>>> print(open('coords-v7.txt').read())   # compact mmCIF, C-alpha atoms
# COMPACT_ATOMS: atom_id res chain seq x y z
CA MET P 1 4.53 55.49 -28.26
CA THR P 2 1.22 54.33 -26.76
CA ARG P 3 -0.17 51.07 -28.07
CA LEU P 4 -3.07 48.74 -27.22
CA VAL P 5 -2.93 45.10 -26.30
CA THR P 6 -5.30 42.96 -28.40
CA LEU P 7 -7.97 41.30 -26.25
CA THR P 8 -9.26 37.76 -26.71
CA LEU P 9 -13.02 37.87 -27.36
CA CYS P 10 -15.67 35.28 -26.60
CA SER P 11 -17.09 33.61 -29.70
CA PHE P 12 -20.77 33.75 -30.62
CA ALA P 13 -23.01 30.73 -30.23
CA ALA P 14 -24.53 29.25 -33.37
CA LEU P 15 -27.84 30.48 -34.72
CA ALA P 16 -30.42 28.01 -35.95
CA HIS P 17 -30.83 29.98 -39.17
CA ALA P 18 -27.12 30.72 -39.46
CA ASP P 19 -27.24 31.37 -43.18
CA ALA P 20 -29.71 34.24 -42.79
CA ILE P 21 -27.64 36.68 -40.75
CA ASP P 22 -24.04 37.27 -39.70
CA VAL P 23 -22.83 39.05 -36.57
CA ALA P 24 -19.33 40.45 -36.05
CA LEU P 25 -17.53 42.74 -33.59
CA ALA P 26 -15.47 45.77 -34.59
CA ASN P 27 -13.35 48.26 -32.65
CA THR P 28 -13.47 46.16 -29.51
CA THR P 29 -10.63 48.25 -28.08
CA VAL P 30 -10.95 51.97 -28.77
CA MET P 31 -9.11 55.08 -27.62
CA LYS P 32 -11.46 57.64 -26.10
CA GLY P 33 -12.53 60.14 -28.74
CA LYS P 34 -11.68 57.75 -31.60
CA GLY P 35 -15.06 56.08 -32.04
CA TRP P 36 -17.02 53.35 -30.28
CA PRO P 37 -17.05 49.55 -30.08
CA GLN P 38 -19.43 48.17 -32.67
CA VAL P 39 -21.65 45.21 -33.42
CA LYS P 40 -22.13 44.70 -37.17
CA VAL P 41 -25.22 42.77 -38.28
CA THR P 42 -25.08 41.63 -41.92
CA ILE P 43 -28.36 40.45 -43.48
CA ILE P 44 -27.71 37.55 -45.83
CA GLU P 45 -31.18 36.09 -46.47
CA PRO P 46 -34.63 37.77 -46.24
CA ILE P 47 -35.74 38.44 -42.66
CA ALA P 48 -38.68 40.26 -41.12
CA GLY P 49 -36.43 42.11 -38.67
CA PHE P 50 -34.14 41.66 -35.68
CA LYS P 51 -33.78 42.87 -32.10
CA LEU P 52 -30.48 43.14 -30.24
CA LYS P 53 -30.66 43.32 -26.43
CA LEU P 54 -27.44 43.70 -24.42
CA THR P 55 -26.68 44.28 -20.78
CA ARG P 56 -23.44 46.06 -19.96
CA SER P 57 -21.53 44.75 -16.92
CA ASP P 58 -22.39 47.93 -14.96
CA GLY P 59 -26.06 46.89 -15.22
CA LYS P 60 -27.21 49.24 -17.97
CA VAL P 61 -29.50 47.61 -20.59
CA PHE P 62 -29.61 48.56 -24.28
CA GLU P 63 -31.99 47.52 -27.07
CA TRP P 64 -31.82 48.06 -30.81
CA LYS P 65 -34.19 47.01 -33.59
CA GLY P 66 -33.52 46.83 -37.29
CA GLY P 67 -33.93 45.01 -40.55
CA GLY P 68 -33.32 45.34 -44.26
CA LYS P 69 -32.82 43.52 -47.49
CA PRO P 70 -30.09 40.93 -48.07
CA GLY P 71 -26.72 42.63 -48.35
CA VAL P 72 -27.54 45.38 -45.85
CA VAL P 73 -25.08 45.85 -42.95
CA ARG P 74 -26.42 47.44 -39.78
CA THR P 75 -23.71 48.97 -37.56
CA ILE P 76 -24.65 49.34 -33.90
CA GLU P 77 -22.37 51.52 -31.79
CA LEU P 78 -21.95 50.55 -28.13
CA ASP P 79 -21.89 53.51 -25.80
CA GLN P 80 -19.64 52.93 -22.82
CA PRO P 81 -17.54 54.86 -20.30
CA THR P 82 -13.79 54.49 -19.99
CA GLY P 83 -12.76 51.01 -18.88
CA LYS P 84 -13.27 47.35 -19.70
CA PHE P 85 -16.84 46.03 -19.84
CA THR P 86 -18.48 42.67 -20.47
CA TRP P 87 -21.63 42.62 -22.59
CA THR P 88 -24.19 39.80 -22.40
CA GLY P 89 -27.49 39.35 -24.18
CA GLU P 90 -28.96 37.96 -27.35
CA LEU P 91 -29.87 38.74 -30.91
CA THR P 92 -33.42 37.73 -31.88
CA VAL P 93 -34.23 37.34 -35.59
CA ASN P 94 -37.79 37.30 -36.97
CA PHE P 95 -38.23 35.39 -40.21
CA PRO P 96 -40.89 35.86 -42.93
CA ASN P 97 -42.59 32.58 -41.99
CA ALA P 98 -43.30 33.96 -38.47
CA THR P 99 -40.62 31.85 -36.82
CA THR P 100 -37.78 33.28 -34.71
CA GLY P 101 -34.19 32.40 -33.91
CA THR P 102 -31.94 33.62 -31.14
CA MET P 103 -28.18 33.98 -30.77
CA PRO P 104 -26.74 34.36 -27.24
CA LEU P 105 -23.90 36.89 -27.08
CA GLU P 106 -21.08 37.53 -24.63
CA PHE P 107 -18.00 39.65 -25.32
CA GLU P 108 -15.72 42.31 -23.87
CA THR P 109 -14.96 45.84 -25.03
CA VAL P 110 -12.49 48.45 -23.85
CA MET P 111 -12.65 52.23 -23.95
CA ALA P 112 -9.14 53.47 -23.18
CA VAL P 113 -7.53 56.86 -22.69
CA PRO P 114 -4.00 57.62 -23.96
CA LEU P 115 -1.50 56.55 -21.34
CA GLU P 116 0.91 59.14 -19.98
CA LEU P 117 4.12 58.27 -18.18
CA LYS P 118 5.80 60.81 -15.92
CA VAL P 119 9.40 60.22 -14.86
CA ASP P 120 12.23 62.68 -14.26
CA LYS P 121 15.49 61.02 -15.25
CA ASP P 122 17.48 63.36 -13.00
CA LYS P 123 15.35 62.77 -9.88
CA ASP P 124 13.46 59.51 -10.38
CA VAL P 125 16.28 57.34 -11.74
CA GLU P 126 18.36 56.63 -8.64
CA LEU P 127 21.33 54.50 -9.61
CA ASP P 128 22.71 54.28 -6.08
CA LYS P 129 19.41 52.76 -4.92
CA ARG P 130 18.97 50.82 -8.19
CA THR P 131 15.40 52.12 -8.61
CA VAL P 132 13.20 53.99 -11.09
CA THR P 133 10.06 55.73 -9.84
CA PHE P 134 7.29 56.80 -12.22
CA ARG P 135 3.64 57.84 -12.32
CA LEU P 136 0.77 56.96 -14.67
CA ASN P 137 -2.43 58.83 -15.44
CA ASN P 138 -4.42 55.56 -15.37
CA PRO P 139 -4.69 52.77 -12.77
CA ALA P 140 -1.49 50.72 -12.84
CA GLY P 141 -1.31 47.21 -14.28
CA LYS P 142 2.31 46.12 -14.49
CA ALA P 143 5.75 47.15 -15.69
CA GLU P 144 8.37 45.44 -17.81
CA LEU P 145 11.92 46.38 -16.84
CA LYS P 146 15.22 45.65 -18.55
CA VAL P 147 18.52 46.83 -17.11
CA LEU P 148 21.55 46.24 -19.34
CA MET P 149 24.92 46.60 -17.61
CA ASP P 150 28.15 47.71 -19.27
CA THR P 151 29.38 44.14 -18.85
CA GLY P 152 26.86 43.06 -21.48
CA ASP P 153 24.71 41.20 -18.93
CA PHE P 154 21.20 42.08 -17.78
CA ALA P 155 20.83 42.91 -14.10
CA PHE P 156 17.08 42.46 -14.56
CA ASP P 157 14.79 41.43 -17.39
CA GLY P 158 11.26 40.75 -16.26
CA GLU P 159 7.84 41.95 -15.09
CA VAL P 160 6.85 43.86 -11.97
CA PRO P 161 3.12 43.48 -11.10
CA PHE P 162 0.97 46.26 -9.74
CA ALA P 163 -2.52 46.12 -8.24
CA GLY P 164 -4.46 48.90 -9.94
CA GLU P 165 -2.87 51.73 -7.96
CA PRO P 166 -4.75 55.01 -8.60
CA PRO P 167 -3.50 57.56 -11.17
CA GLY P 168 -0.62 59.66 -9.88
CA THR P 169 0.61 57.05 -7.40
CA PRO P 170 4.43 56.83 -7.28
CA LEU P 171 5.36 53.41 -8.65
CA THR P 172 8.85 52.05 -8.11
CA VAL P 173 10.72 49.26 -9.88
CA SER P 174 14.16 48.05 -8.87
CA TRP P 175 16.93 45.67 -9.88
CA PRO P 176 19.48 43.63 -7.92
CA ASP P 177 23.12 44.58 -7.44
CA ARG P 178 25.23 43.24 -10.29
CA PRO P 179 28.79 43.87 -11.56
CA GLY P 180 29.26 46.93 -13.76
CA LYS P 181 27.25 50.10 -14.29
CA PRO P 182 23.76 50.40 -15.85
CA LEU P 183 24.17 51.12 -19.55
CA LYS P 184 20.52 51.14 -20.64
CA ILE P 185 17.32 51.04 -18.59
CA SER P 186 14.17 50.17 -20.56
CA LEU P 187 10.82 50.68 -18.83
CA LYS P 188 7.48 49.67 -20.33
CA ALA P 189 4.50 50.56 -18.12
CA TYR P 190 1.01 49.10 -18.54
CA ASP P 191 -2.25 50.39 -17.13
CA SER P 192 -4.96 48.06 -15.84
CA LEU P 193 -6.57 47.90 -19.32
CA GLY P 194 -3.40 46.70 -21.01
CA VAL P 195 -2.48 50.02 -22.62
CA PHE P 196 1.28 50.53 -22.42
CA ILE P 197 3.93 53.15 -22.97
CA GLY P 198 7.70 52.84 -22.88
CA VAL P 199 10.78 54.93 -22.21
CA ASP P 200 14.54 54.28 -22.28
CA PHE P 201 17.25 55.80 -20.12
CA PHE P 202 20.99 55.81 -20.81
CA PRO P 203 22.58 56.84 -17.49
CA TRP P 204 25.96 55.33 -18.23
CA SER P 205 29.12 57.42 -18.54
CA PHE P 206 32.84 56.80 -18.19
CA GLU P 207 35.33 59.56 -17.40
CA ILE P 208 38.78 58.91 -18.83
CA PRO P 209 41.51 59.33 -16.22
CA HIS P 210 44.33 61.57 -17.45
CA ASP P 211 46.92 64.21 -16.63
CA ASP P 212 45.63 67.69 -17.40
CA VAL P 213 47.26 69.65 -20.18
CA THR P 214 48.94 72.89 -19.13
CA PHE P 215 48.23 75.92 -21.32
CA ASP P 216 49.93 79.29 -21.38
CA THR P 217 47.90 82.04 -19.73
CA GLY P 218 45.01 83.11 -21.95
CA LYS P 219 46.04 80.60 -24.67
CA TRP P 220 44.60 77.37 -26.01
CA ASP P 221 47.38 76.14 -28.25
CA ILE P 222 48.73 72.73 -27.24
CA LYS P 223 52.43 72.96 -26.44
CA PRO P 224 54.61 70.17 -27.87
CA GLU P 225 55.72 69.03 -24.41
CA GLU P 226 52.03 68.53 -23.44
CA GLN P 227 51.10 66.27 -26.36
CA LYS P 228 52.11 63.05 -24.61
CA LYS P 229 49.39 63.64 -22.02
CA LEU P 230 46.81 63.74 -24.81
CA ASP P 231 48.37 60.73 -26.56
CA ASP P 232 47.98 58.71 -23.37
CA ALA P 233 44.39 59.92 -22.93
CA SER P 234 43.61 59.06 -26.56
CA ALA P 235 44.83 55.52 -26.04
CA LYS P 236 42.64 55.12 -22.95
CA ALA P 237 39.65 56.55 -24.82
CA LEU P 238 40.12 54.14 -27.74
CA GLU P 239 40.34 51.22 -25.31
CA ALA P 240 37.12 52.30 -23.57
CA ILE P 241 35.32 52.82 -26.88
CA LYS P 242 36.31 49.33 -28.01
CA LYS P 243 35.06 47.85 -24.74
CA PHE P 244 31.78 49.72 -24.31
CA GLY P 245 30.94 50.79 -27.87
CA LYS P 246 29.78 47.29 -28.77
CA TRP P 247 26.80 47.68 -26.42
CA ALA P 248 25.64 51.17 -27.45
CA ASP P 249 26.40 54.19 -29.63
CA VAL P 250 28.70 56.34 -27.51
CA THR P 251 29.99 59.91 -27.81
CA LEU P 252 33.12 61.55 -26.43
CA PHE P 253 32.32 64.76 -24.54
CA VAL P 254 35.17 67.21 -23.86
CA ALA P 255 34.40 69.72 -21.09
CA GLY P 256 36.72 72.67 -20.39
CA HIS P 257 37.02 74.44 -17.00
CA THR P 258 38.95 77.36 -15.47
CA ASP P 259 39.62 78.78 -12.03
CA THR P 260 37.99 82.02 -10.85
CA VAL P 261 40.76 84.41 -11.89
CA GLY P 262 39.46 86.85 -14.51
CA PRO P 263 36.02 87.80 -15.89
CA THR P 264 33.40 85.06 -15.94
CA GLU P 265 32.59 85.39 -19.65
CA SER P 266 36.27 85.43 -20.62
CA ASN P 267 36.83 82.25 -18.62
CA ARG P 268 33.91 80.56 -20.31
CA THR P 269 35.29 81.47 -23.76
CA LEU P 270 38.79 80.37 -22.79
CA SER P 271 37.60 77.00 -21.54
CA PHE P 272 35.47 76.54 -24.66
CA ASN P 273 38.44 77.15 -26.96
CA ARG P 274 40.68 74.79 -24.99
CA ALA P 275 38.03 72.06 -25.10
CA ARG P 276 37.65 72.52 -28.86
CA THR P 277 41.42 72.29 -29.37
CA ILE P 278 41.68 69.07 -27.39
CA ALA P 279 38.63 67.60 -29.17
CA GLY P 280 40.36 68.27 -32.50
CA TYR P 281 43.53 66.59 -31.26
CA PHE P 282 41.56 63.48 -30.30
CA ARG P 283 40.05 63.33 -33.78
CA LYS P 284 43.54 63.44 -35.33
CA LYS P 285 44.56 60.57 -33.04
CA GLY P 286 41.94 58.31 -34.63
CA ILE P 287 38.92 58.65 -32.35
CA ALA P 288 36.15 58.17 -34.91
CA ILE P 289 33.04 58.27 -32.70
CA PRO P 290 31.10 61.55 -32.42
CA ILE P 291 32.98 64.17 -30.39
CA ARG P 292 31.30 67.15 -28.76
CA TYR P 293 32.77 69.91 -26.63
CA ASP P 294 31.78 72.85 -24.43
CA GLY P 295 33.37 75.32 -22.03
CA PHE P 296 32.03 75.72 -18.50
CA GLY P 297 34.49 78.36 -17.34
CA GLU P 298 34.31 78.74 -13.57
CA GLU P 299 30.75 77.48 -13.11
CA ALA P 300 31.70 73.87 -12.22
CA LEU P 301 34.67 74.16 -9.89
CA ALA P 302 36.37 70.95 -8.80
CA VAL P 303 37.58 72.82 -5.69
CA PRO P 304 35.21 75.54 -4.39
CA THR P 305 37.05 78.87 -4.02
CA ASN P 306 36.36 82.57 -3.73
CA ASP P 307 36.48 84.80 -6.80
CA GLU P 308 39.91 85.68 -8.21
CA THR P 309 41.52 82.59 -6.69
CA ASP P 310 44.37 80.92 -8.54
CA GLU P 311 43.64 77.20 -8.11
CA VAL P 312 45.39 74.80 -10.47
CA ARG P 313 42.95 71.95 -9.75
CA ASN P 314 40.14 74.02 -11.29
CA ARG P 315 42.05 74.53 -14.55
CA ARG P 316 41.16 71.22 -16.11
CA VAL P 317 39.43 69.47 -19.01
CA GLN P 318 37.20 66.41 -18.59
CA TYR P 319 36.98 63.60 -21.16
CA ILE P 320 33.70 61.74 -20.75
CA ILE P 321 32.40 58.85 -22.85
CA ALA P 322 28.61 58.65 -22.59
CA ILE P 323 25.47 57.78 -24.51
CA GLU P 324 23.46 60.88 -23.58
CA PRO P 325 24.87 64.35 -22.82
CA PRO P 326 26.16 64.23 -19.24
CA ARG P 327 25.82 66.72 -16.44
CA VAL P 328 29.34 67.93 -15.83
CA SER P 329 30.55 68.11 -12.21
CA GLY P 330 27.01 68.77 -11.00
CA SER P 331 26.58 71.68 -13.38
CA ARG P 332 24.19 72.13 -16.26
CA VAL P 333 23.94 69.83 -19.26
CA GLY P 334 26.37 71.40 -21.70
CA LYS P 335 25.50 73.20 -24.92
CA TRP P 336 27.64 70.64 -26.66
CA GLN P 337 29.08 71.63 -30.03
CA LYS P 338 29.70 68.99 -32.66
CA LEU P 339 33.29 68.71 -33.83
>>> encode(input="coords-v7.txt", output="C-alpha cells")
Amino acid sequence: MTRLVTLTLCSFAALAHADAIDVALANTTVMKGKGWPQVKVTIIEPIAGFKLKLTRSDGKVFEWKGGGKPGVVRTIELDQPTGKFTWTGELTVNFPNATTGTMPLEFETVMAVPLELKVDKDKDVELDKRTVTFRLNNPAGKAELKVLMDTGDFAFDGEVPFAGEPPGTPLTVSWPDRPGKPLKISLKAYDSLGVFIGVDFFPWSFEIPHDDVTFDTGKWDIKPEEQKKLDDASAKALEAIKKFGKWADVTLFVAGHTDTVGPTESNRTLSFNRARTIAGYFRKKGIAIPIRYDGFGEEALAVPTNDETDEVRNRRVQYIIAIEPPRVSGSRVGKWQKL
C-alpha cells in the first residue's frame, strides 16, 4: 500500500484585524490527479475585499482577488507540478473604513505521484550475499529494512539513506551475517517526498532429512515395513514446526519425484499420487499445520540422467517446511494441492 507522510507546516503570522478573516491550508500533500493544495479564506466580519499574492519556490508568481459577505469561504487552488514547493507571500485585506491589513504567509505543499516498487524475489533477493535490490519510479529517499532470522533475532532493523537517486536506479540494501536463516525480510522504501511503499519476503524453508519410502512399481500404497521411515520423518517435522512455527505461519510441502523410466505424464501422475499418500500419512500422525503436495515426475532430477534411466536417487519425496511455496530442486513453483 502507498501512503503519504504528513508534513509539518509553517504557521501563519497574526493579522491586525484577526477577527475579520481566517486563513487555513487544505490538501497540503496531494496525489497527482486527486486535486490540488488549497488556501481557504473564511470571511468572518465585513470586508471590502482581499488580495492573495504568492510566489512559488520555482519563481512563479500568482495573484488572486476576492471578497464576500461574512460566512463566505473562498477556496483558492494552488497549481503546482510534481514535487515539494515552498510558497511565500501575503494576504492583504481591505476594510470598509479604507484601512488595510496584511498577513505574511509561508508554507510547503507536495504534489506526489503513486510510488511503485519493482523487485523480483527470485533474482533481486540474494540470500548468499545478504542483499535486496529494488527500483523506484521516483527519486529515492530512504529505506527501512527489517530482517528476522529463524533464531528469533533481527539481523538488521534500521534505516538505509539514499541521496535522491533517479527513477529506475538499482538500489541495494544489505544486512550483516548473523546466526540462522532469514525468516522474514520487510522492506519499506521512501521516495524523496516521503511517499513510501512496503513489501515482505519470506525466503525461509527447511527440508526435513529422512529416508525415502520405497514403493512397488507403479504403486503409491505405503507398505507396512516402510511406515517407520515416515514415523521418523513425522517426528522431525513436528520438532521443526514447534521450533520455527512460533515465528511465522508455516506450511508442510510434500513434493514427489521419479526417475526417467516410463512416459513423462505417467511419471508426473505417479509422483503426485505418492506425494498425496505421504501427505495424508503425516496428517494422521498429528501434523496439524497446512499440508500441500504436488508431483514433479522427472522434471526435477536429483541426479541428471538420460531418458529411460533407472536411478534410485531420483525416486524420492521431499518434505519441506516453508512460509511461501518453495521452488523444488530448481524446478518450477509447484501447483500445490491442499490436503
>>> residues_around(input="coords-v7.txt", residues="Glu126 in chain P", least_positions_apart="5", cutoff="12 Å", atoms="only C-alpha atoms", output="list in words")
Val119, Asp120, Lys121, Thr131, Val132, Thr133, Phe134, Thr172, Val173, Ser174, Trp175, Pro182, Ile185, Phe201 and Pro203 of chain P
>>> residues_around(input="coords-v7.txt", residues="Asp177 in chain P", least_positions_apart="5", cutoff="12 Å", atoms="only C-alpha atoms", output="ChimeraX atom specification")
/P:127-131,147,149,154-156,182
>>> residues_around(input="coords-v7.txt", residues="range 298-313 of chain P", least_positions_apart="4", cutoff="10 Å", atoms="all atoms listed in the file", output="list in words")
Asp212, Thr214, Gly256, His257, Thr258, Asp259, Thr260, Val261, Gly262, Pro263, Thr264, Glu265, Ser266, Asn267, Arg268, Ser271, Val328, Ser329, Gly330, Ser331 and Arg332 of chain P
>>> atom_distance(input="coords-v7.txt", atom1="CA of Thr151 in chain P", atom2="CA of Asp232 in chain P")
24.1 Å
>>> closest_residue(input="coords-v7.txt", among="P:Ser186, P:Thr277, P:Ser205, P:Ser192", to="Ile320 in chain P", atoms="only C-alpha atoms")
P:Ser205
>>> atom_distance(input="coords-v7.txt", atom1="CA of Asn138 in chain P", atom2="CA of Leu183 in chain P")
29.2 Å
>>> closest_residue(input="coords-v7.txt", among="P:Asp231, P:Asp191, P:Asp249, P:Glu63", to="Pro166 in chain P", atoms="only C-alpha atoms")
P:Asp191
>>> residues_around(input="coords-v7.txt", residues="Arg292 in chain P", least_positions_apart="6", cutoff="6 Å", atoms="all atoms listed in the file", output="list of chain:residue names")
P:Phe253, P:Trp336, P:Gln337, P:Lys338, P:Leu339
>>> write_last_selection(input="coords-v7.txt", atoms="C-alpha atoms", output="PDB file, in the frame of the given file")
ATOM      1  CA  PHE P 253      32.320  64.760 -24.540  1.00  0.00           C
ATOM      2  CA  TRP P 336      27.640  70.640 -26.660  1.00  0.00           C
ATOM      3  CA  GLN P 337      29.080  71.630 -30.030  1.00  0.00           C
ATOM      4  CA  LYS P 338      29.700  68.990 -32.660  1.00  0.00           C
ATOM      5  CA  LEU P 339      33.290  68.710 -33.830  1.00  0.00           C
TER       6      LEU P 339
END
